[in-house]
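One file, query.txt, carrying compact mmCIF, C-alpha atoms:
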```
# COMPACT_ATOMS: atom_id res chain seq x y z
CA MET Y 1 -5.57 -18.83 -23.87
CA SER Y 2 -7.10 -15.50 -22.95
CA PRO Y 3 -9.15 -15.18 -19.77
CA ARG Y 4 -12.93 -15.32 -19.84
CA VAL Y 5 -14.93 -12.21 -19.03
CA GLY Y 6 -17.57 -12.82 -16.42
CA VAL Y 7 -19.69 -11.42 -13.65
CA SER Y 8 -20.11 -12.01 -9.97
CA TRP Y 9 -23.71 -13.15 -10.01
CA MET Y 10 -25.97 -11.55 -7.43
CA PRO Y 11 -29.34 -13.27 -6.85
CA THR Y 12 -31.37 -10.07 -6.76
CA ALA Y 13 -33.88 -8.41 -9.06
CA GLY Y 14 -31.69 -5.34 -9.61
CA PHE Y 15 -28.74 -7.41 -10.73
CA ARG Y 16 -30.94 -9.48 -13.01
CA ALA Y 17 -32.24 -6.33 -14.65
CA ALA Y 18 -28.68 -5.12 -15.14
CA VAL Y 19 -27.33 -8.23 -16.88
CA GLU Y 20 -30.37 -9.63 -18.69
CA PRO Y 21 -29.91 -7.40 -21.80
CA VAL Y 22 -26.31 -8.60 -22.20
CA LEU Y 23 -26.72 -12.16 -20.97
CA GLU Y 24 -25.29 -13.66 -24.16
CA THR Y 25 -22.03 -11.80 -23.74
CA ILE Y 26 -21.22 -13.31 -20.35
CA GLU Y 27 -18.48 -15.90 -20.69
CA ALA Y 28 -18.04 -16.91 -17.05
CA VAL Y 29 -19.94 -16.62 -13.78
CA GLU Y 30 -18.67 -16.34 -10.26
CA GLN Y 31 -20.96 -17.69 -7.56
CA THR Y 32 -20.71 -16.32 -4.05
CA VAL Y 33 -21.08 -19.70 -2.42
CA ASP Y 34 -22.20 -18.40 0.98
CA GLN Y 35 -25.40 -17.12 -0.66
CA GLY Y 36 -26.48 -20.69 -1.30
CA PHE Y 37 -26.04 -21.90 2.26
CA GLU Y 38 -29.60 -20.96 3.21
CA GLY Y 39 -31.08 -22.79 0.24
CA ARG Y 40 -33.13 -19.88 -1.06
CA LEU Y 41 -31.55 -19.11 -4.41
CA PRO Y 42 -34.00 -17.82 -7.03
CA ALA Y 43 -34.69 -19.89 -10.13
CA SER Y 44 -32.66 -17.57 -12.35
CA ALA Y 45 -29.56 -18.00 -10.20
CA GLU Y 46 -30.01 -21.77 -10.17
CA ALA Y 47 -30.32 -21.80 -13.95
CA VAL Y 48 -27.25 -19.63 -14.43
CA PHE Y 49 -25.09 -21.65 -12.06
CA THR Y 50 -26.17 -24.91 -13.66
CA ALA Y 51 -25.57 -23.71 -17.20
CA PHE Y 52 -22.15 -22.26 -16.48
CA ALA Y 53 -21.11 -25.26 -14.41
CA GLU Y 54 -21.94 -27.55 -17.34
CA ALA Y 55 -19.85 -25.30 -19.56
CA GLY Y 56 -16.94 -25.46 -17.11
CA GLN Y 57 -17.15 -21.73 -16.44
CA LEU Y 58 -18.57 -21.52 -12.93
CA TYR Y 59 -16.14 -20.11 -10.39
CA GLY Y 60 -16.66 -20.21 -6.64
CA HIS Y 61 -16.04 -17.34 -4.28
CA ALA Y 62 -16.54 -17.38 -0.51
CA VAL Y 63 -16.61 -14.68 2.13
CA GLY Y 64 -17.04 -16.62 5.37
CA ALA Y 65 -14.25 -19.19 5.60
CA SER Y 66 -12.01 -16.88 7.64
CA VAL Y 67 -8.89 -18.87 6.85
CA LEU Y 68 -6.66 -17.04 9.34
CA SER Y 69 -8.94 -17.41 12.36
CA ALA Y 70 -7.51 -19.24 15.34
CA GLY Y 71 -10.26 -20.82 17.39
CA ARG Y 72 -14.00 -20.77 16.75
CA GLU Y 73 -13.73 -24.19 15.14
CA ASP Y 74 -17.51 -24.39 15.39
CA VAL Y 75 -17.91 -21.57 12.89
CA PHE Y 76 -15.37 -23.01 10.48
CA ASP Y 77 -16.87 -26.51 10.78
CA ALA Y 78 -20.33 -25.11 10.04
CA PHE Y 79 -18.95 -23.31 7.00
CA LEU Y 80 -17.29 -26.46 5.67
CA LEU Y 81 -20.45 -28.49 6.28
CA ALA Y 82 -22.58 -26.02 4.34
CA LEU Y 83 -19.97 -25.89 1.57
CA ARG Y 84 -20.05 -29.68 1.16
CA ARG Y 85 -23.84 -29.69 1.16
CA THR Y 86 -24.13 -27.02 -1.56
CA ARG Y 87 -21.07 -27.95 -3.57
CA ARG Y 88 -21.11 -27.39 -7.31
CA PRO Y 89 -18.50 -28.23 -9.96
CA TRP Y 90 -16.63 -24.97 -9.55
CA VAL Y 91 -13.50 -24.48 -11.59
CA ASP Y 92 -11.91 -23.30 -8.38
CA LEU Y 93 -12.87 -21.58 -5.14
CA SER Y 94 -11.42 -18.48 -3.53
CA ASP Y 95 -11.88 -16.73 -0.23
CA HIS Y 96 -10.23 -13.68 1.24
CA TYR Y 97 -6.88 -13.43 2.91
CA GLY Y 98 -7.32 -12.51 6.58
CA PHE Y 99 -9.84 -13.35 9.25
CA CYS Y 100 -13.45 -12.37 9.87
CA THR Y 101 -14.24 -14.59 12.87
CA ALA Y 102 -12.74 -14.06 16.31
CA GLY Y 103 -14.13 -14.68 19.76
CA ALA Y 104 -17.69 -13.44 19.95
CA GLN Y 105 -17.43 -12.01 16.42
CA ARG Y 106 -18.91 -14.62 14.12
CA PHE Y 107 -18.63 -12.69 10.86
CA GLY Y 108 -17.34 -9.35 9.68
CA ALA Y 109 -15.16 -7.71 7.08
CA PRO Y 110 -11.90 -9.65 6.71
CA LEU Y 111 -8.96 -8.13 8.55
CA PRO Y 112 -5.22 -8.66 7.98
CA LEU Y 113 -2.78 -10.26 10.37
CA PRO Y 114 0.97 -9.80 10.80
CA ARG Y 115 3.31 -12.16 9.02
CA HIS Y 116 4.09 -14.71 11.70
CA PRO Y 117 4.78 -18.47 11.61
CA ASP Y 118 1.81 -19.21 13.88
CA VAL Y 119 -0.54 -17.30 11.62
CA LEU Y 120 0.82 -19.16 8.62
CA ALA Y 121 0.34 -22.50 10.35
CA VAL Y 122 -3.30 -21.72 11.11
CA GLY Y 123 -3.96 -20.55 7.56
CA ARG Y 124 -2.32 -23.54 5.93
CA GLU Y 125 -4.27 -26.00 8.03
CA ARG Y 126 -7.55 -24.30 7.19
CA LEU Y 127 -6.76 -24.06 3.50
CA VAL Y 128 -6.16 -27.80 3.36
CA ARG Y 129 -9.55 -28.45 4.95
CA LEU Y 130 -11.19 -25.88 2.68
CA ARG Y 131 -9.82 -27.58 -0.42
CA GLU Y 132 -11.05 -30.93 0.78
CA ALA Y 133 -14.56 -29.58 1.37
CA ALA Y 134 -14.70 -27.64 -1.90
CA GLY Y 135 -13.40 -30.48 -4.04
CA CYS Y 136 -11.46 -28.09 -6.25
CA PRO Y 137 -8.36 -25.88 -6.13
CA VAL Y 138 -8.57 -23.05 -3.62
CA GLY Y 139 -7.07 -19.60 -3.58
CA LEU Y 140 -6.93 -16.34 -1.66
CA GLU Y 141 -8.00 -12.85 -2.65
CA ASN Y 142 -5.96 -9.83 -1.66
CA LEU Y 143 -7.48 -7.43 0.82
CA ALA Y 144 -7.95 -3.71 0.34
CA LEU Y 145 -7.48 -3.10 4.04
CA ALA Y 146 -3.96 -2.90 5.44
CA LEU Y 147 -2.75 -1.41 8.68
CA CYS Y 148 0.28 0.34 7.19
CA ALA Y 149 2.40 0.40 4.05
CA GLN Y 150 4.56 -2.44 5.30
CA ASP Y 151 1.46 -4.48 6.03
CA ALA Y 152 0.36 -3.99 2.44
CA LEU Y 153 3.78 -5.04 1.15
CA ASP Y 154 3.79 -8.12 3.39
CA GLN Y 155 0.44 -9.39 2.12
CA GLY Y 156 1.67 -10.82 -1.17
CA PRO Y 157 4.56 -12.84 0.31
CA MET Y 158 2.31 -14.08 3.08
CA VAL Y 159 -0.37 -15.23 0.64
CA ALA Y 160 2.32 -16.97 -1.40
CA GLU Y 161 3.52 -18.84 1.69
CA LEU Y 162 -0.03 -19.83 2.62
CA LEU Y 163 -0.82 -21.12 -0.85
CA GLN Y 164 2.19 -23.42 -0.89
CA ALA Y 165 0.31 -25.80 1.38
CA VAL Y 166 -2.43 -26.39 -1.20
CA ASP Y 167 -0.72 -25.42 -4.45
CA GLY Y 168 -3.35 -22.72 -4.54
CA PHE Y 169 -3.92 -19.63 -6.62
CA VAL Y 170 -4.05 -15.89 -6.15
CA HIS Y 171 -7.34 -14.13 -6.72
CA LEU Y 172 -6.19 -10.62 -7.53
CA ASP Y 173 -8.69 -7.85 -6.88
CA LEU Y 174 -7.41 -4.84 -8.77
CA HIS Y 175 -9.60 -2.36 -6.93
CA ASN Y 176 -8.27 -3.67 -3.63
CA LEU Y 177 -4.78 -3.28 -4.98
CA TRP Y 178 -5.52 0.29 -6.00
CA CYS Y 179 -6.96 1.02 -2.55
CA GLN Y 180 -3.54 0.21 -1.08
CA LEU Y 181 -1.73 2.22 -3.73
CA HIS Y 182 -3.89 5.22 -2.94
CA ASN Y 183 -4.11 4.91 0.82
CA PHE Y 184 -0.42 4.31 1.42
CA GLU Y 185 0.94 6.21 -1.59
CA LEU Y 186 2.74 3.13 -2.79
CA ASP Y 187 4.38 2.67 -6.13
CA ALA Y 188 2.38 0.31 -8.35
CA ASP Y 189 5.43 -1.57 -9.58
CA VAL Y 190 6.71 -2.10 -6.04
CA LEU Y 191 3.40 -3.43 -4.79
CA LEU Y 192 2.88 -5.65 -7.82
CA ALA Y 193 6.39 -7.04 -7.44
CA SER Y 194 5.45 -8.28 -3.96
CA TRP Y 195 2.75 -10.57 -5.42
CA PRO Y 196 3.31 -13.92 -7.16
CA LEU Y 197 1.64 -12.80 -10.36
CA GLU Y 198 2.34 -16.11 -12.07
CA ARG Y 199 -0.12 -17.70 -9.64
CA VAL Y 200 -3.01 -15.36 -10.41
CA TRP Y 201 -5.85 -17.40 -11.83
CA ARG Y 202 -8.67 -14.93 -11.35
CA VAL Y 203 -9.06 -11.16 -11.34
CA HIS Y 204 -11.72 -9.00 -9.75
CA VAL Y 205 -12.53 -5.63 -11.27
CA SER Y 206 -14.80 -3.48 -9.17
CA GLY Y 207 -15.51 -0.02 -7.79
CA GLY Y 208 -15.55 1.51 -4.38
CA SER Y 209 -15.79 4.80 -2.55
CA PHE Y 210 -13.81 7.35 -0.57
CA VAL Y 211 -14.26 8.00 3.14
CA ASP Y 212 -12.13 10.97 4.25
CA ASP Y 213 -9.82 10.39 1.30
CA ILE Y 214 -9.40 6.74 2.30
CA ARG Y 215 -10.32 4.48 -0.57
CA ARG Y 216 -12.52 1.58 0.52
CA ASP Y 217 -13.56 -1.66 -1.11
CA THR Y 218 -17.29 -1.04 -1.02
CA HIS Y 219 -18.28 -2.33 -4.50
CA ASP Y 220 -20.94 0.35 -4.70
CA HIS Y 221 -19.77 2.39 -7.69
CA ARG Y 222 -18.55 1.89 -11.20
CA VAL Y 223 -15.02 0.82 -11.91
CA PRO Y 224 -12.73 3.90 -11.70
CA ASP Y 225 -10.28 4.89 -14.41
CA GLU Y 226 -7.32 3.93 -12.25
CA VAL Y 227 -8.47 0.32 -12.06
CA TRP Y 228 -8.91 0.13 -15.83
CA ALA Y 229 -5.38 1.47 -16.23
CA LEU Y 230 -4.13 -1.03 -13.68
CA LEU Y 231 -5.83 -3.86 -15.59
CA ARG Y 232 -4.07 -2.85 -18.80
CA THR Y 233 -0.76 -2.78 -16.95
CA VAL Y 234 -1.17 -6.04 -15.07
CA LEU Y 235 -3.01 -8.32 -17.47
CA PRO Y 236 0.00 -8.98 -19.72
CA ARG Y 237 1.85 -10.17 -16.62
CA LEU Y 238 -0.78 -12.78 -15.65
CA PRO Y 239 -0.01 -15.82 -17.81
CA ALA Y 240 -2.25 -18.17 -15.81
CA CYS Y 241 -5.31 -15.92 -15.54
CA ARG Y 242 -8.52 -17.76 -16.42
CA ALA Y 243 -11.27 -15.27 -15.65
CA LEU Y 244 -11.84 -11.53 -15.33
CA ILE Y 245 -14.83 -10.97 -13.08
CA LEU Y 246 -16.81 -7.75 -12.77
CA GLU Y 247 -18.02 -7.34 -9.20
CA GLN Y 248 -20.65 -4.91 -7.96
CA LEU Y 249 -23.11 -5.14 -5.09
CA PRO Y 250 -26.86 -5.21 -5.72
CA SER Y 251 -27.34 -2.09 -3.61
CA ALA Y 252 -25.56 -0.16 -6.37
CA LEU Y 253 -27.76 -1.56 -9.14
CA LEU Y 254 -31.18 -0.30 -8.18
CA THR Y 255 -31.70 2.37 -10.85
CA GLU Y 256 -31.74 2.10 -14.61
CA ALA Y 257 -28.74 4.44 -14.77
CA ASP Y 258 -26.77 2.22 -12.42
CA GLN Y 259 -27.70 -0.86 -14.42
CA GLN Y 260 -26.66 0.82 -17.68
CA GLY Y 261 -23.36 1.81 -16.06
CA TYR Y 262 -22.79 -1.78 -15.04
CA ARG Y 263 -23.36 -2.98 -18.61
CA GLU Y 264 -20.90 -0.37 -19.87
CA ASP Y 265 -18.30 -1.58 -17.38
CA LEU Y 266 -18.85 -5.14 -18.55
CA ALA Y 267 -18.33 -4.05 -22.14
CA LEU Y 268 -15.18 -2.17 -21.17
CA LEU Y 269 -13.87 -5.25 -19.43
CA ARG Y 270 -14.29 -7.26 -22.60
CA ALA Y 271 -12.71 -4.52 -24.67
CA VAL Y 272 -9.62 -4.32 -22.48
CA ARG Y 273 -9.31 -8.10 -22.49
CA ASP Y 274 -9.63 -8.15 -26.28
CA GLU Y 275 -7.14 -5.35 -26.69
CA VAL Y 276 -4.50 -6.67 -24.31
CA CYS Y 277 -4.87 -10.34 -25.20
CA GLY Y 278 -5.40 -9.83 -28.91
CA VAL Y 279 -8.84 -11.40 -29.01
CA GLY Y 280 -10.48 -10.52 -32.30
CA MET T 1 85.81 81.04 62.59
CA ARG T 2 83.02 81.24 64.80
CA ARG T 3 80.60 78.55 65.38
CA TRP T 4 77.57 80.35 63.94
CA HIS T 5 79.59 81.03 60.83
CA LEU T 6 79.93 77.35 60.24
CA THR T 7 76.25 76.78 60.85
CA LEU T 8 75.31 79.53 58.47
CA PHE T 9 77.66 78.13 55.82
CA LEU T 10 76.15 74.68 56.12
CA ALA T 11 72.63 76.04 55.97
CA ILE T 12 73.40 77.99 52.83
CA LEU T 13 75.06 74.98 51.30
CA ALA T 14 72.07 72.78 52.10
CA ALA T 15 69.65 75.30 50.65
CA ALA T 16 71.68 75.56 47.49
CA GLY T 17 71.69 71.79 47.17
CA VAL T 18 67.95 71.53 47.59
CA ALA T 19 67.37 74.26 45.03
CA LEU T 20 69.63 72.55 42.50
CA ALA T 21 67.94 69.21 42.97
CA THR T 22 64.49 70.69 42.59
CA THR T 23 65.49 72.50 39.42
CA LEU T 24 66.85 69.36 37.85
CA GLN T 25 63.70 67.32 38.69
CA VAL T 26 61.38 69.91 37.19
CA ARG T 27 63.41 69.98 34.01
CA ARG T 28 63.24 66.18 33.66
CA MET T 29 59.47 66.14 34.06
CA ALA T 30 59.01 68.95 31.51
CA THR T 31 61.02 67.17 28.81
CA PRO T 32 58.83 64.60 26.76
CA ALA T 33 60.10 61.11 26.98
CA GLU T 34 61.70 59.76 23.85
CA PRO T 35 59.69 56.80 22.42
CA GLN T 36 61.70 53.69 22.51
CA VAL T 37 61.71 52.60 18.91
CA GLN T 38 63.56 49.55 17.97
CA VAL T 39 64.96 49.99 14.54
CA ILE T 40 65.24 46.67 12.81
CA GLY T 41 66.81 47.71 9.61
CA PRO T 42 67.43 50.65 7.40
CA ARG T 43 64.24 52.66 7.01
CA HIS T 44 64.75 53.34 3.34
CA GLN T 45 64.58 49.67 2.49
CA ALA T 46 61.37 47.69 2.15
CA PRO T 47 61.13 44.87 4.61
CA THR T 48 62.23 41.64 3.16
CA GLU T 49 60.16 38.47 3.34
CA VAL T 50 59.37 37.52 6.86
CA VAL T 51 58.99 33.90 7.53
CA GLU T 52 57.09 33.12 10.59
CA VAL T 53 58.23 29.94 12.15
CA LEU T 54 55.67 28.42 14.41
CA GLU T 55 56.77 26.38 17.21
CA VAL T 56 55.20 22.91 16.94
CA THR T 57 53.83 21.60 20.11
CA PRO T 58 53.31 17.83 20.17
CA VAL T 59 49.60 16.94 20.54
CA GLU T 60 48.81 14.61 23.25
CA GLN T 61 46.89 11.49 22.09
CA VAL T 62 43.37 11.33 23.53
CA PRO T 63 42.41 7.77 24.34
CA GLU T 64 39.08 6.51 22.87
CA VAL T 65 36.32 6.61 25.42
CA ALA T 66 34.46 3.34 25.70
CA PRO T 67 30.73 3.41 26.55
CA PRO T 68 29.80 2.52 30.07
CA PRO T 69 29.17 -1.16 30.59
CA HIS T 70 25.42 -0.65 31.03
CA VAL T 71 25.10 1.03 27.65
CA GLN T 72 24.64 -1.57 24.93
CA PRO T 73 25.31 -0.70 21.29
CA ARG T 74 22.13 -0.13 19.33
CA PRO T 75 21.31 -3.11 17.11
CA THR T 76 21.28 -2.60 13.38
CA PRO T 77 17.67 -2.36 12.18
CA PRO T 78 16.57 -5.10 9.78
CA GLU T 79 16.56 -4.20 6.15
CA ARG T 80 13.21 -3.36 4.71
CA PRO T 81 12.31 -2.87 1.08
CA VAL T 82 12.68 0.72 0.05
CA VAL T 83 9.36 2.24 -0.82
CA PRO T 84 9.80 5.02 -3.34
CA VAL T 85 8.04 8.18 -2.34
CA ARG T 86 5.76 9.32 -5.06
CA PRO T 87 4.92 12.98 -5.60
CA PRO T 88 1.96 14.41 -3.73
CA ARG T 89 -1.18 13.03 -5.18
CA HIS T 90 -4.08 14.98 -6.44
CA LEU T 91 -7.50 14.20 -5.18
CA GLU T 92 -9.01 14.12 -8.62
CA LEU T 93 -9.57 10.72 -10.05
CA GLY T 94 -7.49 9.91 -13.04
CA VAL T 95 -4.23 11.25 -11.62
CA HIS T 96 -2.12 8.33 -10.58
CA PRO T 97 1.49 7.28 -10.96
CA ILE T 98 0.61 4.14 -12.83
CA HIS T 99 0.92 4.43 -16.53
CA VAL T 100 -2.24 5.16 -18.44
CA ASP T 101 -2.08 4.11 -22.04
CA ASP T 102 -3.22 6.37 -24.77
CA GLY T 103 -6.22 5.55 -26.84
CA GLU T 104 -8.58 4.57 -24.07
CA LEU T 105 -11.88 3.16 -25.14
CA ALA T 106 -14.49 5.60 -26.24
CA PRO T 107 -17.93 5.14 -24.72
CA ASN T 108 -19.50 5.05 -28.17
CA ALA T 109 -17.70 1.77 -28.81
CA ILE T 110 -19.64 0.06 -26.06
CA PRO T 111 -22.84 -1.09 -27.90
CA GLU T 112 -21.00 -3.12 -30.51
CA LEU T 113 -18.73 -4.56 -27.85
CA ASN T 114 -21.76 -6.08 -26.22
CA GLU T 115 -22.37 -8.25 -29.25
CA PRO T 116 -21.62 -11.89 -28.42
CA ARG T 117 -18.28 -13.07 -29.85
CA GLN T 118 -18.74 -16.77 -29.16
CA LYS T 119 -21.48 -19.24 -28.51
CA PRO T 120 -23.39 -17.89 -25.51
CA ILE T 121 -23.57 -20.11 -22.48
CA LEU T 122 -26.99 -18.80 -21.48
CA GLN T 123 -29.46 -16.83 -23.59
CA GLN T 124 -32.49 -16.51 -21.36
CA LEU T 125 -33.31 -16.46 -17.67
CA PRO T 126 -36.31 -18.27 -16.18
CA PRO T 127 -38.79 -16.16 -14.27
CA ASP T 128 -38.19 -15.68 -10.57
CA GLU T 129 -41.06 -16.03 -8.19
CA PRO T 130 -40.70 -13.98 -6.11
CA PRO T 131 -38.03 -11.89 -7.89
CA GLY T 132 -34.65 -12.16 -6.22
CA ILE T 133 -34.16 -13.28 -2.67
CA GLY T 134 -37.10 -11.95 -0.76
CA ASP T 135 -35.45 -11.66 2.62
CA GLY T 136 -31.86 -11.35 1.41
CA CYS T 137 -29.57 -8.56 2.47
CA PRO T 138 -30.10 -5.63 0.08
CA ALA T 139 -26.41 -4.79 0.33
CA CYS T 140 -24.83 -8.12 -0.49
CA GLY T 141 -27.67 -10.40 -1.53
CA MET T 142 -26.94 -12.93 1.20
CA GLY T 143 -29.74 -14.48 3.13
```
Represent the structure contained in this file as structure tokens.
Amino acid sequence: MSPRVGVSWMPTAGFRAAVEPVLETIEAVEQTVDQGFEGRLPASAEAVFTAFAEAGQLYGHAVGASVLSAGREDVFDAFLLALRRTRRPWVDLSDHYGFCTAGAQRFGAPLPLPRHPDVLAVGRERLVRLREAAGCPVGLENLALALCAQDALDQGPMVAELLQAVDGFVHLDLHNLWCQLHNFELDADVLLASWPLERVWRVHVSGGSFVDDIRRDTHDHRVPDEVWALLRTVLPRLPACRALILEQLPSALLTEADQQGYREDLALLRAVRDEVCGVG
Amino acid sequence: MRRWHLTLFLAILAAAGVALATTLQVRRMATPAEPQVQVIGPRHQAPTEVVEVLEVTPVEQVPEVAPPPHVQPRPTPPERPVVPVRPPRHLELGVHPIHVDDGELAPNAIPELNEPRQKPILQQLPPDEPPGIGDGCPACGMG
């Protein structure tokens, strides 16, 4: 079965304007679950999440679980409580590899950690609790940020070891992968070989930006050519992939030109899926 | 013979002896010295093959020097995966070592690709009042 083509739904007016003309072409929706914790989702988002959940095509994605954080149990407990309270029938739920809570820092961009048994023990314990709260399979998304080339190459094996505790899945962000290829001048085949591709259930396709020739995962531009090429290369090697999700932040969808570009990226995503998977 | 005769005879004899000795010494110094050439063989023959035989001196065995006790041998570094070095990258987008297939999608194919291929899950959105999340983060949409 070929993966569904979907969008990461953003509950903003700009995003709505971008997707409304092509609403009928959307096959799956990814909900950023943290956005519902405050209980202020607009009616359109509620309708979309309900409709896609009933169709079995609503996927959960979190940003605040911080599965590798040691300590700050209060933050993790609050996250799990909010997740239980706003739970929907997600197909599965992913969060990011790494940690974003530490000490006085309650939330930030997820950061990597070295491959160490203590780190693995913390992550496994949190993943078990996350799965229990979500009520569905859980997985981890690869980070764009790495501290060195070896750190990037260690990420895949470490995620694989973490996921063993919950029989979880890999959420492969191809732009994040390309960030590491670019920033550390890695070979694509070498980096891909470090990931358990047979456990990839979901793929993110997104854009980003350069800062001093460092490629960053900012989700504020269209999908670059390199990521499309990477998708063509990788997709045939993902036998368990269920969904291809286009991800872009609302701040990059404020103008009509940006919204049109987003729709073109969504169409390209479908076209690549159709071409690679033979969907007629 | 008188005594002065004898003295005179001896004096003359001594003078003659001194003169003869001086003459002979001057002649020897005036004559160039003959170079001492050692003739090995007949000069009209080419020298035959000369084999130089070197005397072999036995080499004394140098004992292996062990490191001082406080110097520990350096441990072997752990094996790490070899990361192939790719050629210098260009800054332009589109230049990347990953393979790019031919026949990439043309932009003019996009409108027809947006046609639904299967039964749509959602066809229409309800109105939002107010639109979007009023106080949400403009960057990520979170409250």
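In this model, the gap between atom CA of Arg202 of chain Y and atom CA of Trp178 of chain Y comes to 16.4 Å.
Take the candidates Y:Ala55, Y:Ala109, Y:Leu130, Y:Leu197 and check each one against chain T using only C-alpha atoms; the shortest distance goes to Y:Ala55.
For the pair atom CA of Val91 of chain Y and atom CA of Phe49 of chain Y, the interatomic distance is 11.9 Å.
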Revision key, fill the gap. Restricting to only C-alpha atoms, whichever of Y:Ala271, Y:Ala134, Y:Cys277, Y:Val223 is closest to chain T is Y:Ala271
Per residue of chain Y within 8 Å of chain T, what are the shortest atom pair and its distance in Å to one decimal, counting only C-alpha atoms, with rows by chain and residue number, as a tab-separated table?
```
residue	atom	partner	partner_atom	distance
Y:Met10	CA	T:Gly141	CA	6.2
Y:Pro11	CA	T:Gly132	CA	5.5
Y:Thr12	CA	T:Gly132	CA	3.9
Y:Ala13	CA	T:Gly132	CA	4.8
Y:Glu20	CA	T:Leu125	CA	7.5
Y:Val22	CA	T:Asn114	CA	6.6
Y:Leu23	CA	T:Gln123	CA	6.0
Y:Glu24	CA	T:Pro120	CA	4.8
Y:Thr25	CA	T:Pro116	CA	4.7
Y:Ile26	CA	T:Pro120	CA	7.2
Y:Glu27	CA	T:Ile121	CA	6.8
Y:Asp34	CA	T:Met142	CA	7.2
Y:Gln35	CA	T:Met142	CA	4.8
Y:Glu38	CA	T:Gly143	CA	6.5
Y:Arg40	CA	T:Ile133	CA	6.9
Y:Leu41	CA	T:Ile133	CA	6.6
Y:Pro42	CA	T:Gly132	CA	5.8
Y:Ala43	CA	T:Asp128	CA	5.5
Y:Ser44	CA	T:Pro126	CA	5.3
Y:Ala47	CA	T:Leu125	CA	7.2
Y:Val48	CA	T:Leu122	CA	7.1
Y:Ala51	CA	T:Leu122	CA	6.7
Y:Phe52	CA	T:Ile121	CA	6.5
Y:Ala55	CA	T:Ile121	CA	7.0
Y:Glu185	CA	T:Arg86	CA	6.7
Y:Leu186	CA	T:Val83	CA	7.0
Y:Asp187	CA	T:Pro84	CA	6.5
Y:Ala188	CA	T:Ile98	CA	6.2
Y:Val190	CA	T:Val83	CA	7.3
Y:Asp213	CA	T:Leu91	CA	7.9
Y:Pro224	CA	T:Leu93	CA	7.7
Y:Asp225	CA	T:Gly94	CA	5.9
Y:Glu226	CA	T:Gly94	CA	6.0
Y:Ala229	CA	T:Val100	CA	5.3
Y:Leu230	CA	T:Ile98	CA	7.1
Y:Arg232	CA	T:Asp101	CA	7.9
Y:Thr233	CA	T:His99	CA	7.4
Y:Leu249	CA	T:Cys140	CA	5.7
Y:Pro250	CA	T:Ala139	CA	6.1
Y:Ser251	CA	T:Ala139	CA	4.9
Y:Glu264	CA	T:Ile110	CA	6.3
Y:Ala267	CA	T:Asn114	CA	5.7
Y:Leu268	CA	T:Ile110	CA	7.0
Y:Arg270	CA	T:Leu113	CA	7.4
Y:Ala271	CA	T:Leu113	CA	6.8
```
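We find atom CA of Arg72 of chain Y and atom CA of Gly168 of chain Y to be spaced 23.9 Å apart.
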